[in-house]
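**Q** Take this structure first; my questions come after.
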Amino acid sequence: MTVSQRWGARPWTVLALLAVLLAAVLLWALASGSSNLPLNQLPGWLFQPDDSAEADIVHRLRLPRALAAMTTGALLALAGALMQVLLRNPLADPYVLGLSGGAALGALSALALGCGVWLVHLGAFGGALAVVLVVFVLAHHDMGRIDAVSSQDGSPRLLLTGVMVSSISMAGVSLLLTLAPGERLRGMLFWMLGDLSGADMPWPVLLAPPLLCLLLWPLGRELNLLLRGPGPAQMLGVPVARVRGVIYVAASMAAALAVATAGTVGFVGLVVPHALRLLIGNDQRLLLPASALAGGAFLLAADTVARTIASPLQLPVGVITALVGAPTFILLLRRGARR
Amino acid sequence: MSTTTRVQAALLNVQALRVEVPQAGAAPRCLFSGLSMQVLPGQFWCLLGPNGAGKTQLLHTLAGARAPQAGEVHLGGRPLNAWPLSERACWRGLVPQQVQDAFSAPVLDVVLQGRHPHLSRWHWEGDADLALAQQALARVGLAEMAQRDVTTLSGGERQRVALATLLTQDPPLALLDEPLAHLDLAQQLRVLALLQDEVLQRGRAVVMSVHDLSLAQRVATHAVLLTGNGAALAGPVGEVMTEAHLSAAFGHPLRAVEAQGQRWWLPA
């Protein structure tokens, strides 16, 4: 058996298939809504916009929201995959180290004070960064700890630090929800469920997922080794503390950007990498880009369903991801248990 | 060969090593001190001593996973810490006592990871690396299990996978922490023969901790005996593995019995 026989063209096939899937979901998202646009004329409106109302709908309403959904999904799936490597736990998600609590505290404070959309995004981003910093300061020692060469690691303490910081910020969130004026509660609730209706993403964020994949690509083999445990990884030449630091920062930035765009959308970061791992294996060089593509497609599809299924009512996208994600996850777990 | 050239040619040169372990609410406990040894290519060192004497800590110190409280460790003629991590991994490999897998992966992928220190950041594993991994799996008797999920293996099988990973890494100095512990009798002999092959045919050096004194006697050219009360004895196997030394270290009278052309250690 040679390498080409072993891998075949598989990695590229998988990535190409996922890219096609993402493009198809994008077309569907742009076509569906309160007025259904015919698919065959969509490229025309998209690439050669005229003065028609349809071109306006595509460019002003649907495209920005679709791009935001795609990017958020990609970032969340990437963050989830990275957190699972960092904590060596296949059930970790982007929020497991308390980032969601900080983001919620920041965003809800802005909402409760009646601030504008931009301040809400900024509040979420700032809150998330604050928690990332606090957890890092409290636990960076554990992140580098390799407990000699055993495959045990310091991540239980890292994990527990994150959970505690999250509890503190969630206490603040509860307090805010109690004290906030009634008419603002609905907006606050929507934010916490994850909602893309107000998503107004600055375009550079669009570049974040591909940039992140490129940045982590050279570290692929080291990430794979970290899965075997920090001790064995260090023995094979991986600078464990440094690589885990990079993973932590990359995952946190991705999750913070996602949360600032769409609130705390659940399940994308947990389900997408987990499902892909069962389908295509656990080589991070393939899994990370695949997660980004699949995460983007998943959240875009979920958001399209969320805004069309009960039209004219728009559901928060987090409801759909949870409704689809949780049963899928239970199925995957049951399948895993049978093996 | 004069002493100086011997030391220069040594893969591993240990001088006056002292290792302590922290104790909760008390002064650190000294496991051993004053340990000096030179490991040369073609030597098979067995690391002996009662439970808790510090065999694992010594192996970890030699591998550079923990710092000694005193003394020096030179690897390939340079202080251990002077080597970058990736180059250190080309000199020595370590098989830990236990490996825990959090994620499933095919056995072959795990064994292939041994090639990591030899590959640059931008290279994927090639045909040659794959061939080495498959060879290593065949040598530990797991060729049929290349595609098995590593989390479904038994303790002994997992240990042989770890050994295969070390063979794929192929360092001049192999440090093994009780590699025979979970193996059945036939596999113990197979692994011993394999390691002895590496030492005799390929001029590799092995440092291995082991509890079965008779098995150690079969293969060892040199031995380290940690007594558990702070002393350490290192040297050619005939000087270290004596009835007096072993009986004192293990706190139980031991006798050597010659049978079937081998030397067997029995409790008196």
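The way I read the labels, and the way they are meant: chains A, B, ... in the order of the structure tokens, residue 1 as the first residue of every chain, and ligand 1 as the first ligand shown, with later ones counted on from there.
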When DSSP is applied to the backbone of this structure, which of range 62-284 of chain A are assigned helix (DSSP H, G or I)? Write them out as a ChimeraX atom specification.
**A** /A:62-86,99-112,117-144,155-179,182-193,203-226,230-235,240-262,268-280,284
**Q** So which residues touch Ala249 in chain B within 8 Å, counting only C-alpha atoms, skipping near sequence neighbours fewer than 4 positions away, as number ranges by chain?
**A** B: 49-50, 225-228, 245
**Q** Using only C-alpha atoms and a distance of at most 9 Å, pull out the residues of chain B that contact chain A, as number ranges by chain.
**A** B: 57, 60-61, 63-66, 84-90, 92-106, 110, 113-117, 121-122, 124-131, 169
**Q** Emit the selected residues as a short mmCIF file (atom, residue, chain, number, x, y, z; two decimals), in the first residue's frame, including N, CA and C atoms.
**A**
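Written output follows (part13.cif):
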data_model
loop_
_atom_site.label_atom_id
_atom_site.label_comp_id
_atom_site.auth_asym_id
_atom_site.auth_seq_id
_atom_site.Cartn_x
_atom_site.Cartn_y
_atom_site.Cartn_z
N GLN B 57 10.52 8.16 37.04
CA GLN B 57 11.06 9.52 37.12
C GLN B 57 12.44 9.60 36.46
N HIS B 60 11.89 9.61 32.71
CA HIS B 60 11.38 10.92 32.29
C HIS B 60 12.48 11.98 32.32
N THR B 61 13.35 11.88 33.33
CA THR B 61 14.45 12.84 33.41
C THR B 61 15.41 12.65 32.24
N ALA B 63 14.66 11.51 29.40
CA ALA B 63 13.98 11.92 28.16
C ALA B 63 13.85 13.43 28.06
N GLY B 64 14.10 14.13 29.18
CA GLY B 64 13.98 15.58 29.16
C GLY B 64 12.58 16.06 29.47
N ALA B 65 11.76 15.17 30.02
CA ALA B 65 10.39 15.58 30.35
C ALA B 65 10.31 16.23 31.73
N ARG B 66 11.31 16.03 32.56
CA ARG B 66 11.37 16.72 33.84
C ARG B 66 12.82 17.07 34.14
N PRO B 84 16.89 21.59 20.52
CA PRO B 84 15.48 21.95 20.29
C PRO B 84 14.63 20.68 20.39
N LEU B 85 13.37 20.87 20.80
CA LEU B 85 12.49 19.71 21.02
C LEU B 85 12.46 18.76 19.83
N SER B 86 12.39 19.34 18.62
CA SER B 86 12.21 18.49 17.45
C SER B 86 13.47 17.66 17.20
N GLU B 87 14.66 18.24 17.46
CA GLU B 87 15.90 17.47 17.24
C GLU B 87 16.09 16.44 18.34
N ARG B 88 15.66 16.81 19.56
CA ARG B 88 15.75 15.86 20.66
C ARG B 88 14.96 14.59 20.30
N ALA B 89 13.83 14.80 19.60
CA ALA B 89 12.98 13.66 19.23
C ALA B 89 13.64 12.78 18.18
N CYS B 90 14.69 13.29 17.51
CA CYS B 90 15.43 12.44 16.57
C CYS B 90 16.50 11.62 17.30
N ARG B 92 16.14 10.56 20.88
CA ARG B 92 15.61 9.61 21.86
C ARG B 92 14.09 9.52 21.73
N GLY B 93 13.60 8.32 22.03
CA GLY B 93 12.15 8.13 22.03
C GLY B 93 11.76 7.51 23.34
N LEU B 94 10.52 7.72 23.76
CA LEU B 94 10.08 7.17 25.03
C LEU B 94 8.74 6.46 24.86
N VAL B 95 8.67 5.26 25.40
CA VAL B 95 7.38 4.57 25.45
C VAL B 95 6.89 4.65 26.89
N PRO B 96 5.84 5.41 27.15
CA PRO B 96 5.37 5.56 28.53
C PRO B 96 4.69 4.28 29.02
N GLN B 97 4.49 4.23 30.34
CA GLN B 97 3.90 3.05 30.92
C GLN B 97 2.49 2.81 30.40
N GLN B 98 1.76 3.91 30.23
CA GLN B 98 0.37 3.81 29.80
C GLN B 98 0.04 4.90 28.82
N VAL B 99 -0.80 4.60 27.86
CA VAL B 99 -1.26 5.61 26.93
C VAL B 99 -2.77 5.64 27.01
N GLN B 100 -3.33 6.84 27.06
CA GLN B 100 -4.78 6.96 27.04
C GLN B 100 -5.21 7.69 25.79
N ASP B 101 -6.15 7.11 25.09
CA ASP B 101 -6.62 7.74 23.86
C ASP B 101 -7.99 8.36 24.09
N ALA B 102 -8.09 9.65 23.76
CA ALA B 102 -9.37 10.34 23.90
C ALA B 102 -10.19 10.23 22.62
N PHE B 103 -9.51 10.06 21.49
CA PHE B 103 -10.20 10.01 20.20
C PHE B 103 -9.87 8.70 19.51
N SER B 104 -10.82 8.19 18.73
CA SER B 104 -10.48 7.01 17.95
C SER B 104 -9.61 7.39 16.77
N ALA B 105 -8.78 6.45 16.34
CA ALA B 105 -7.92 6.64 15.17
C ALA B 105 -7.48 5.25 14.73
N PRO B 106 -7.26 5.06 13.43
CA PRO B 106 -6.73 3.77 12.99
C PRO B 106 -5.33 3.56 13.56
N VAL B 110 -1.69 6.11 14.10
CA VAL B 110 -0.97 6.36 15.35
C VAL B 110 0.50 5.99 15.18
N GLN B 113 2.55 8.44 13.24
CA GLN B 113 2.90 9.69 13.91
C GLN B 113 4.32 9.68 14.43
N GLY B 114 4.92 8.50 14.55
CA GLY B 114 6.32 8.42 14.95
C GLY B 114 7.24 9.13 13.98
N ARG B 115 6.80 9.33 12.74
CA ARG B 115 7.65 9.99 11.74
C ARG B 115 7.69 11.50 11.93
N HIS B 116 6.86 12.03 12.82
CA HIS B 116 6.74 13.49 12.94
C HIS B 116 8.07 14.24 13.02
N PRO B 117 9.01 13.83 13.91
CA PRO B 117 10.25 14.62 14.01
C PRO B 117 11.09 14.60 12.75
N ARG B 121 7.51 20.75 8.39
CA ARG B 121 6.17 21.27 8.57
C ARG B 121 5.30 21.12 7.31
N TRP B 122 5.95 21.20 6.16
CA TRP B 122 5.17 21.28 4.91
C TRP B 122 5.00 19.94 4.24
N TRP B 124 3.78 16.00 3.94
CA TRP B 124 2.90 14.97 4.47
C TRP B 124 3.68 13.68 4.48
N GLU B 125 3.19 12.71 5.24
CA GLU B 125 3.86 11.43 5.30
C GLU B 125 3.89 10.82 3.90
N GLY B 126 5.06 10.28 3.51
CA GLY B 126 5.20 9.72 2.17
C GLY B 126 5.17 8.20 2.19
N ASP B 127 5.40 7.62 1.01
CA ASP B 127 5.38 6.16 0.88
C ASP B 127 6.41 5.51 1.78
N ALA B 128 7.60 6.12 1.88
CA ALA B 128 8.66 5.53 2.70
C ALA B 128 8.23 5.50 4.17
N ASP B 129 7.59 6.58 4.63
CA ASP B 129 7.14 6.62 6.03
C ASP B 129 6.10 5.55 6.28
N LEU B 130 5.19 5.42 5.32
CA LEU B 130 4.13 4.42 5.45
C LEU B 130 4.72 3.02 5.52
N ALA B 131 5.74 2.77 4.68
CA ALA B 131 6.38 1.45 4.67
C ALA B 131 7.01 1.18 6.03
N GLN B 169 9.61 5.92 14.83
CA GLN B 169 10.39 7.12 15.15
C GLN B 169 11.88 6.81 14.98
#
**Q** Please indicate the distance in Å from CA of Pro179 in chain B to CA of Leu163 in chain B, rounded to one decimal place.
**A**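 Straight-line distance from CA of Pro179 in chain B to CA of Leu163 in chain B works out to 7.8 Å.
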**Q** Please identify all polymer residues within 12 Å of Ala297 in chain A, counting only C-alpha atoms, omitting same-chain residues fewer than 4 positions from it, and present them as an mmCIF file with N, CA and C atoms, in the first residue's frame.
**A**
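Contents of the output file out06.cif:
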data_model
loop_
_atom_site.group_PDB
_atom_site.id
_atom_site.type_symbol
_atom_site.label_atom_id
_atom_site.label_comp_id
_atom_site.auth_asym_id
_atom_site.auth_seq_id
_atom_site.Cartn_x
_atom_site.Cartn_y
_atom_site.Cartn_z
ATOM 1 N N LEU A 17 -16.496 18.471 -2.595
ATOM 2 C CA LEU A 17 -17.922 18.170 -2.396
ATOM 3 C C LEU A 17 -18.556 19.145 -1.414
ATOM 4 N N LEU A 18 -17.848 19.426 -0.328
ATOM 5 C CA LEU A 18 -18.391 20.343 0.674
ATOM 6 C C LEU A 18 -18.520 21.753 0.101
ATOM 7 N N ALA A 19 -17.569 22.154 -0.744
ATOM 8 C CA ALA A 19 -17.643 23.483 -1.364
ATOM 9 C C ALA A 19 -18.851 23.563 -2.284
ATOM 10 N N VAL A 20 -19.095 22.484 -3.040
ATOM 11 C CA VAL A 20 -20.272 22.455 -3.913
ATOM 12 C C VAL A 20 -21.545 22.540 -3.084
ATOM 13 N N LEU A 21 -21.569 21.789 -1.976
ATOM 14 C CA LEU A 21 -22.721 21.813 -1.083
ATOM 15 C C LEU A 21 -22.976 23.236 -0.581
ATOM 16 N N LEU A 22 -21.898 23.897 -0.159
ATOM 17 C CA LEU A 22 -22.024 25.256 0.358
ATOM 18 C C LEU A 22 -22.589 26.191 -0.717
ATOM 19 N N ALA A 23 -22.081 26.061 -1.948
ATOM 20 C CA ALA A 23 -22.566 26.915 -3.038
ATOM 21 C C ALA A 23 -24.050 26.651 -3.292
ATOM 22 N N ALA A 24 -24.457 25.375 -3.264
ATOM 23 C CA ALA A 24 -25.857 25.030 -3.505
ATOM 24 C C ALA A 24 -26.756 25.627 -2.432
ATOM 25 N N VAL A 25 -26.314 25.501 -1.151
ATOM 26 C CA VAL A 25 -27.107 26.054 -0.052
ATOM 27 C C VAL A 25 -27.207 27.571 -0.196
ATOM 28 N N LEU A 26 -26.114 28.189 -0.657
ATOM 29 C CA LEU A 26 -26.116 29.646 -0.832
ATOM 30 C C LEU A 26 -27.160 30.066 -1.869
ATOM 31 N N LEU A 27 -27.201 29.343 -2.986
ATOM 32 C CA LEU A 27 -28.189 29.646 -4.031
ATOM 33 C C LEU A 27 -29.601 29.503 -3.477
ATOM 34 N N TRP A 28 -29.825 28.431 -2.747
ATOM 35 C CA TRP A 28 -31.146 28.174 -2.171
ATOM 36 C C TRP A 28 -31.521 29.299 -1.202
ATOM 37 N N ALA A 29 -30.537 29.721 -0.383
ATOM 38 C CA ALA A 29 -30.806 30.770 0.600
ATOM 39 C C ALA A 29 -31.153 32.079 -0.099
ATOM 40 N N ALA A 66 -26.912 36.099 4.244
ATOM 41 C CA ALA A 66 -26.382 34.772 3.907
ATOM 42 C C ALA A 66 -24.882 34.707 4.186
ATOM 43 N N LEU A 67 -24.169 35.765 3.816
ATOM 44 C CA LEU A 67 -22.718 35.767 4.066
ATOM 45 C C LEU A 67 -22.429 35.736 5.563
ATOM 46 N N ALA A 68 -23.239 36.479 6.321
ATOM 47 C CA ALA A 68 -23.042 36.484 7.772
ATOM 48 C C ALA A 68 -23.283 35.094 8.346
ATOM 49 N N ALA A 69 -24.346 34.428 7.876
ATOM 50 C CA ALA A 69 -24.656 33.085 8.380
ATOM 51 C C ALA A 69 -23.526 32.114 8.044
ATOM 52 N N MET A 70 -23.069 32.187 6.793
ATOM 53 C CA MET A 70 -21.994 31.309 6.345
ATOM 54 C C MET A 70 -20.734 31.484 7.196
ATOM 55 N N THR A 71 -20.342 32.749 7.346
ATOM 56 C CA THR A 71 -19.117 33.041 8.086
ATOM 57 C C THR A 71 -19.246 32.619 9.545
ATOM 58 N N THR A 72 -20.388 32.947 10.157
ATOM 59 C CA THR A 72 -20.593 32.576 11.553
ATOM 60 C C THR A 72 -20.517 31.069 11.727
ATOM 61 N N GLY A 73 -21.196 30.349 10.833
ATOM 62 C CA GLY A 73 -21.186 28.889 10.920
ATOM 63 C C GLY A 73 -19.784 28.338 10.779
ATOM 64 N N ALA A 74 -19.038 28.879 9.794
ATOM 65 C CA ALA A 74 -17.674 28.397 9.573
ATOM 66 C C ALA A 74 -16.810 28.656 10.804
ATOM 67 N N LEU A 75 -16.930 29.868 11.370
ATOM 68 C CA LEU A 75 -16.114 30.220 12.533
ATOM 69 C C LEU A 75 -16.453 29.338 13.730
ATOM 70 N N LEU A 76 -17.763 29.106 13.932
ATOM 71 C CA LEU A 76 -18.171 28.295 15.086
ATOM 72 C C LEU A 76 -17.672 26.858 14.948
ATOM 73 N N ALA A 77 -17.774 26.294 13.732
ATOM 74 C CA ALA A 77 -17.326 24.915 13.531
ATOM 75 C C ALA A 77 -15.817 24.812 13.729
ATOM 76 N N VAL A 268 -23.665 24.288 16.453
ATOM 77 C CA VAL A 268 -22.873 24.213 15.220
ATOM 78 C C VAL A 268 -21.466 23.727 15.556
ATOM 79 N N VAL A 272 -20.971 19.795 14.100
ATOM 80 C CA VAL A 272 -20.326 19.727 12.784
ATOM 81 C C VAL A 272 -18.972 19.007 12.835
ATOM 82 N N ALA A 290 -12.633 21.246 6.281
ATOM 83 C CA ALA A 290 -13.937 20.614 6.068
ATOM 84 C C ALA A 290 -14.963 21.152 7.067
ATOM 85 N N SER A 291 -14.531 21.351 8.320
ATOM 86 C CA SER A 291 -15.431 21.894 9.337
ATOM 87 C C SER A 291 -15.902 23.276 8.938
ATOM 88 N N ALA A 292 -14.983 24.105 8.445
ATOM 89 C CA ALA A 292 -15.349 25.464 8.051
ATOM 90 C C ALA A 292 -16.418 25.429 6.954
ATOM 91 N N LEU A 293 -16.194 24.603 5.936
ATOM 92 C CA LEU A 293 -17.160 24.529 4.824
ATOM 93 C C LEU A 293 -18.509 23.981 5.301
ATOM 94 N N ALA A 301 -28.122 27.002 5.969
ATOM 95 C CA ALA A 301 -29.356 26.246 5.760
ATOM 96 C C ALA A 301 -30.307 26.462 6.928
ATOM 97 N N ALA A 302 -29.766 26.406 8.151
ATOM 98 C CA ALA A 302 -30.605 26.572 9.333
ATOM 99 C C ALA A 302 -31.243 27.959 9.344
ATOM 100 N N ASP A 303 -30.463 28.975 8.959
ATOM 101 C CA ASP A 303 -31.003 30.333 8.976
ATOM 102 C C ASP A 303 -32.068 30.511 7.907
ATOM 103 N N THR A 304 -31.850 29.874 6.758
ATOM 104 C CA THR A 304 -32.846 29.975 5.695
ATOM 105 C C THR A 304 -34.158 29.333 6.143
ATOM 106 N N THR A 321 -30.940 25.314 14.917
ATOM 107 C CA THR A 321 -29.710 24.510 15.078
ATOM 108 C C THR A 321 -29.857 23.532 16.243
#
**Q** If we count only C-alpha atoms, what is near range 254-262 of chain A at a cut-off of 6 Å, once residues fewer than 3 positions away on the same chain are taken out, given as a PyMOL selection string?
**A** chain A and resi 72+75-76+79+121+124-125+128+194-196+199+251
**Q** For the selection just defined, write its residues with N, CA and C atoms to a file, as an mmCIF file, in the first residue's frame.
**A**
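Result went into part16.cif, see below:
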data_model
loop_
_atom_site.group_PDB
_atom_site.id
_atom_site.type_symbol
_atom_site.label_atom_id
_atom_site.label_comp_id
_atom_site.auth_asym_id
_atom_site.auth_seq_id
_atom_site.Cartn_x
_atom_site.Cartn_y
_atom_site.Cartn_z
ATOM 1 N N THR A 72 -20.388 32.947 10.157
ATOM 2 C CA THR A 72 -20.593 32.576 11.553
ATOM 3 C C THR A 72 -20.517 31.069 11.727
ATOM 4 N N LEU A 75 -16.930 29.868 11.370
ATOM 5 C CA LEU A 75 -16.114 30.220 12.533
ATOM 6 C C LEU A 75 -16.453 29.338 13.730
ATOM 7 N N LEU A 76 -17.763 29.106 13.932
ATOM 8 C CA LEU A 76 -18.171 28.295 15.086
ATOM 9 C C LEU A 76 -17.672 26.858 14.948
ATOM 10 N N ALA A 79 -13.965 26.844 15.585
ATOM 11 C CA ALA A 79 -13.690 27.020 17.011
ATOM 12 C C ALA A 79 -13.986 25.740 17.770
ATOM 13 N N HIS A 121 -22.991 44.539 19.044
ATOM 14 C CA HIS A 121 -21.932 43.684 18.488
ATOM 15 C C HIS A 121 -20.627 43.902 19.232
ATOM 16 N N ALA A 124 -20.656 42.395 22.704
ATOM 17 C CA ALA A 124 -20.475 40.939 22.682
ATOM 18 C C ALA A 124 -19.004 40.586 22.476
ATOM 19 N N PHE A 125 -18.390 41.270 21.497
ATOM 20 C CA PHE A 125 -16.991 40.994 21.188
ATOM 21 C C PHE A 125 -16.103 41.304 22.391
ATOM 22 N N ALA A 128 -16.615 38.814 25.224
ATOM 23 C CA ALA A 128 -15.972 37.532 24.910
ATOM 24 C C ALA A 128 -14.470 37.628 25.123
ATOM 25 N N GLY A 194 -29.396 33.191 19.720
ATOM 26 C CA GLY A 194 -28.654 33.228 18.463
ATOM 27 C C GLY A 194 -29.592 33.658 17.366
ATOM 28 N N ASP A 195 -29.344 34.811 16.761
ATOM 29 C CA ASP A 195 -30.288 35.380 15.804
ATOM 30 C C ASP A 195 -29.500 36.142 14.755
ATOM 31 N N LEU A 196 -29.831 35.907 13.504
ATOM 32 C CA LEU A 196 -29.081 36.542 12.430
ATOM 33 C C LEU A 196 -29.852 37.681 11.778
ATOM 34 N N ALA A 199 -27.980 40.775 11.775
ATOM 35 C CA ALA A 199 -26.561 40.611 11.497
ATOM 36 C C ALA A 199 -26.096 41.630 10.469
ATOM 37 N N ALA A 251 -9.061 29.637 18.489
ATOM 38 C CA ALA A 251 -10.443 29.218 18.742
ATOM 39 C C ALA A 251 -11.240 30.355 19.380
#
**Q** Hey, which of B:Arg78, B:Arg160, B:His182, B:His118 ends up closest to Arg139 in chain B? Count only C-alpha atoms.
**A** B:Arg160
**Q** Set the distance at 12 Å and use only C-alpha atoms: which residues neighbour Ala193 in chain B once local chain neighbours fewer than 4 positions away are removed? I'd like the list as a PyMOL selection string.
**A** chain B and resi 44+139-140+180+186-189+197-201+215-216+218-220
**Q** Restricting the output to N, CA and C atoms, write the selected residues as a compact mmCIF listing (two decimals), in the first residue's frame.
**A**
# COMPACT_ATOMS: atom_id res chain seq x y z
N PHE B 44 22.39 -2.57 26.16
CA PHE B 44 21.01 -2.81 26.60
C PHE B 44 20.97 -2.62 28.11
N ARG B 139 6.49 -6.08 12.91
CA ARG B 139 7.49 -6.55 13.87
C ARG B 139 6.91 -6.76 15.26
N VAL B 140 5.91 -5.97 15.64
CA VAL B 140 5.29 -6.20 16.95
C VAL B 140 4.11 -7.16 16.83
N LEU B 180 7.02 -4.52 29.12
CA LEU B 180 6.56 -5.92 29.16
C LEU B 180 5.37 -6.10 30.09
N ALA B 186 4.50 -15.09 25.70
CA ALA B 186 5.08 -15.19 24.35
C ALA B 186 5.41 -13.80 23.81
N GLN B 187 4.50 -12.84 24.06
CA GLN B 187 4.74 -11.49 23.55
C GLN B 187 5.91 -10.83 24.28
N GLN B 188 6.05 -11.14 25.57
CA GLN B 188 7.21 -10.60 26.31
C GLN B 188 8.51 -11.01 25.64
N LEU B 189 8.58 -12.30 25.27
CA LEU B 189 9.81 -12.79 24.65
C LEU B 189 9.98 -12.20 23.26
N ASP B 197 17.42 -7.28 19.03
CA ASP B 197 17.78 -7.13 17.62
C ASP B 197 18.20 -5.69 17.33
N GLU B 198 17.40 -4.75 17.81
CA GLU B 198 17.70 -3.34 17.60
C GLU B 198 19.08 -3.00 18.15
N VAL B 199 19.37 -3.57 19.33
CA VAL B 199 20.64 -3.27 19.99
C VAL B 199 21.81 -3.94 19.26
N LEU B 200 21.66 -5.25 18.98
CA LEU B 200 22.79 -6.00 18.44
C LEU B 200 22.98 -5.78 16.95
N GLN B 201 21.88 -5.80 16.18
CA GLN B 201 22.01 -5.70 14.73
C GLN B 201 22.17 -4.25 14.27
N LEU B 215 13.98 -12.07 33.11
CA LEU B 215 13.91 -11.53 31.76
C LEU B 215 14.99 -10.48 31.56
N ALA B 216 15.20 -9.64 32.57
CA ALA B 216 16.25 -8.63 32.48
C ALA B 216 17.60 -9.29 32.27
N ARG B 218 18.32 -12.00 30.82
CA ARG B 218 18.48 -12.55 29.48
C ARG B 218 19.11 -11.57 28.50
N VAL B 219 18.71 -10.28 28.61
CA VAL B 219 19.05 -9.34 27.54
C VAL B 219 20.02 -8.25 27.98
N ALA B 220 20.10 -7.97 29.29
CA ALA B 220 20.81 -6.77 29.72
C ALA B 220 22.31 -6.91 29.51
**Q** Using backbone DSSP assignments, extract all strand (DSSP E or B) residues from range 1-99 of chain B; output them as a PyMOL selection string.
**A** chain B and resi 12-23+26-39+44-48+70-75+78-79+92-95
**Q** Give me, as number ranges by chain, all polymer residues having an atom no more than 12 Å from Asn40 in chain A, counting only C-alpha atoms and skipping those fewer than 3 positions away in the same chain.
**A** A: 27-28, 30-31, 36-37, 43-46
**Q** Output C-alpha atoms for every residue in the selection just made, as a compact mmCIF listing (two decimals), in the first residue's frame.
**A**
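As written to disk, part_33.txt reads:
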# COMPACT_ATOMS: atom_id res chain seq x y z
CA LEU A 27 -28.19 29.65 -4.03
CA TRP A 28 -31.15 28.17 -2.17
CA LEU A 30 -30.71 33.62 -1.90
CA ALA A 31 -33.75 32.29 -3.77
CA ASN A 36 -39.32 33.23 -4.04
CA LEU A 37 -36.92 34.10 -6.83
CA PRO A 43 -26.99 34.54 -11.16
CA GLY A 44 -28.08 37.45 -13.34
CA TRP A 45 -29.37 39.48 -10.40
CA LEU A 46 -26.35 38.47 -8.37
**Q** Mind checking which residues fall within 12 Å of Ile168 in chain A, counting only C-alpha atoms, ignoring those fewer than 3 positions away in the same chain, and posting them as a ChimeraX atom specification?
**A** /A:98-102,104-105,131,134,161-165,171-175
**Q** Produce a file of the selected residues containing N, CA and C atoms, as a short mmCIF file (atom, residue, chain, number, x, y, z; two decimals), in the first residue's frame.
**A**
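And here's selection-v3.cif as it stands now:
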data_model
loop_
_atom_site.label_atom_id
_atom_site.label_comp_id
_atom_site.auth_asym_id
_atom_site.auth_seq_id
_atom_site.Cartn_x
_atom_site.Cartn_y
_atom_site.Cartn_z
N GLY A 98 -16.33 29.40 28.65
CA GLY A 98 -16.96 30.55 29.26
C GLY A 98 -17.13 31.76 28.37
N LEU A 99 -16.72 31.63 27.12
CA LEU A 99 -16.78 32.77 26.19
C LEU A 99 -18.20 33.28 25.98
N SER A 100 -19.16 32.34 25.93
CA SER A 100 -20.54 32.76 25.67
C SER A 100 -21.06 33.64 26.80
N GLY A 101 -20.69 33.31 28.04
CA GLY A 101 -21.16 34.10 29.18
C GLY A 101 -20.69 35.53 29.09
N GLY A 102 -19.41 35.71 28.80
CA GLY A 102 -18.86 37.06 28.70
C GLY A 102 -19.50 37.83 27.57
N ALA A 104 -22.45 37.31 26.25
CA ALA A 104 -23.84 37.62 26.60
C ALA A 104 -23.90 38.81 27.55
N LEU A 105 -23.02 38.83 28.52
CA LEU A 105 -23.01 39.93 29.49
C LEU A 105 -22.77 41.26 28.78
N VAL A 131 -13.44 37.54 28.80
CA VAL A 131 -13.44 36.21 29.41
C VAL A 131 -12.24 35.39 28.92
N VAL A 134 -9.32 36.50 30.92
CA VAL A 134 -9.37 36.07 32.32
C VAL A 134 -9.04 34.58 32.43
N THR A 161 -11.95 26.02 35.19
CA THR A 161 -11.79 27.47 35.27
C THR A 161 -12.79 28.14 34.33
N GLY A 162 -12.87 27.62 33.09
CA GLY A 162 -13.79 28.17 32.12
C GLY A 162 -15.23 28.09 32.59
N VAL A 163 -15.60 26.94 33.14
CA VAL A 163 -16.98 26.75 33.60
C VAL A 163 -17.31 27.73 34.71
N MET A 164 -16.36 27.96 35.63
CA MET A 164 -16.61 28.88 36.74
C MET A 164 -16.73 30.33 36.27
N VAL A 165 -15.84 30.73 35.35
CA VAL A 165 -15.92 32.09 34.82
C VAL A 165 -17.26 32.27 34.11
N ALA A 171 -24.44 34.69 36.01
CA ALA A 171 -25.12 35.33 37.14
C ALA A 171 -25.40 36.78 36.80
N GLY A 172 -24.41 37.45 36.18
CA GLY A 172 -24.61 38.83 35.74
C GLY A 172 -25.72 38.92 34.71
N VAL A 173 -25.76 37.93 33.79
CA VAL A 173 -26.80 37.94 32.76
C VAL A 173 -28.19 37.81 33.40
N SER A 174 -28.33 36.91 34.37
CA SER A 174 -29.62 36.73 35.04
C SER A 174 -30.05 38.03 35.71
N LEU A 175 -29.07 38.68 36.34
CA LEU A 175 -29.36 39.94 37.01
C LEU A 175 -29.88 40.97 36.01
#
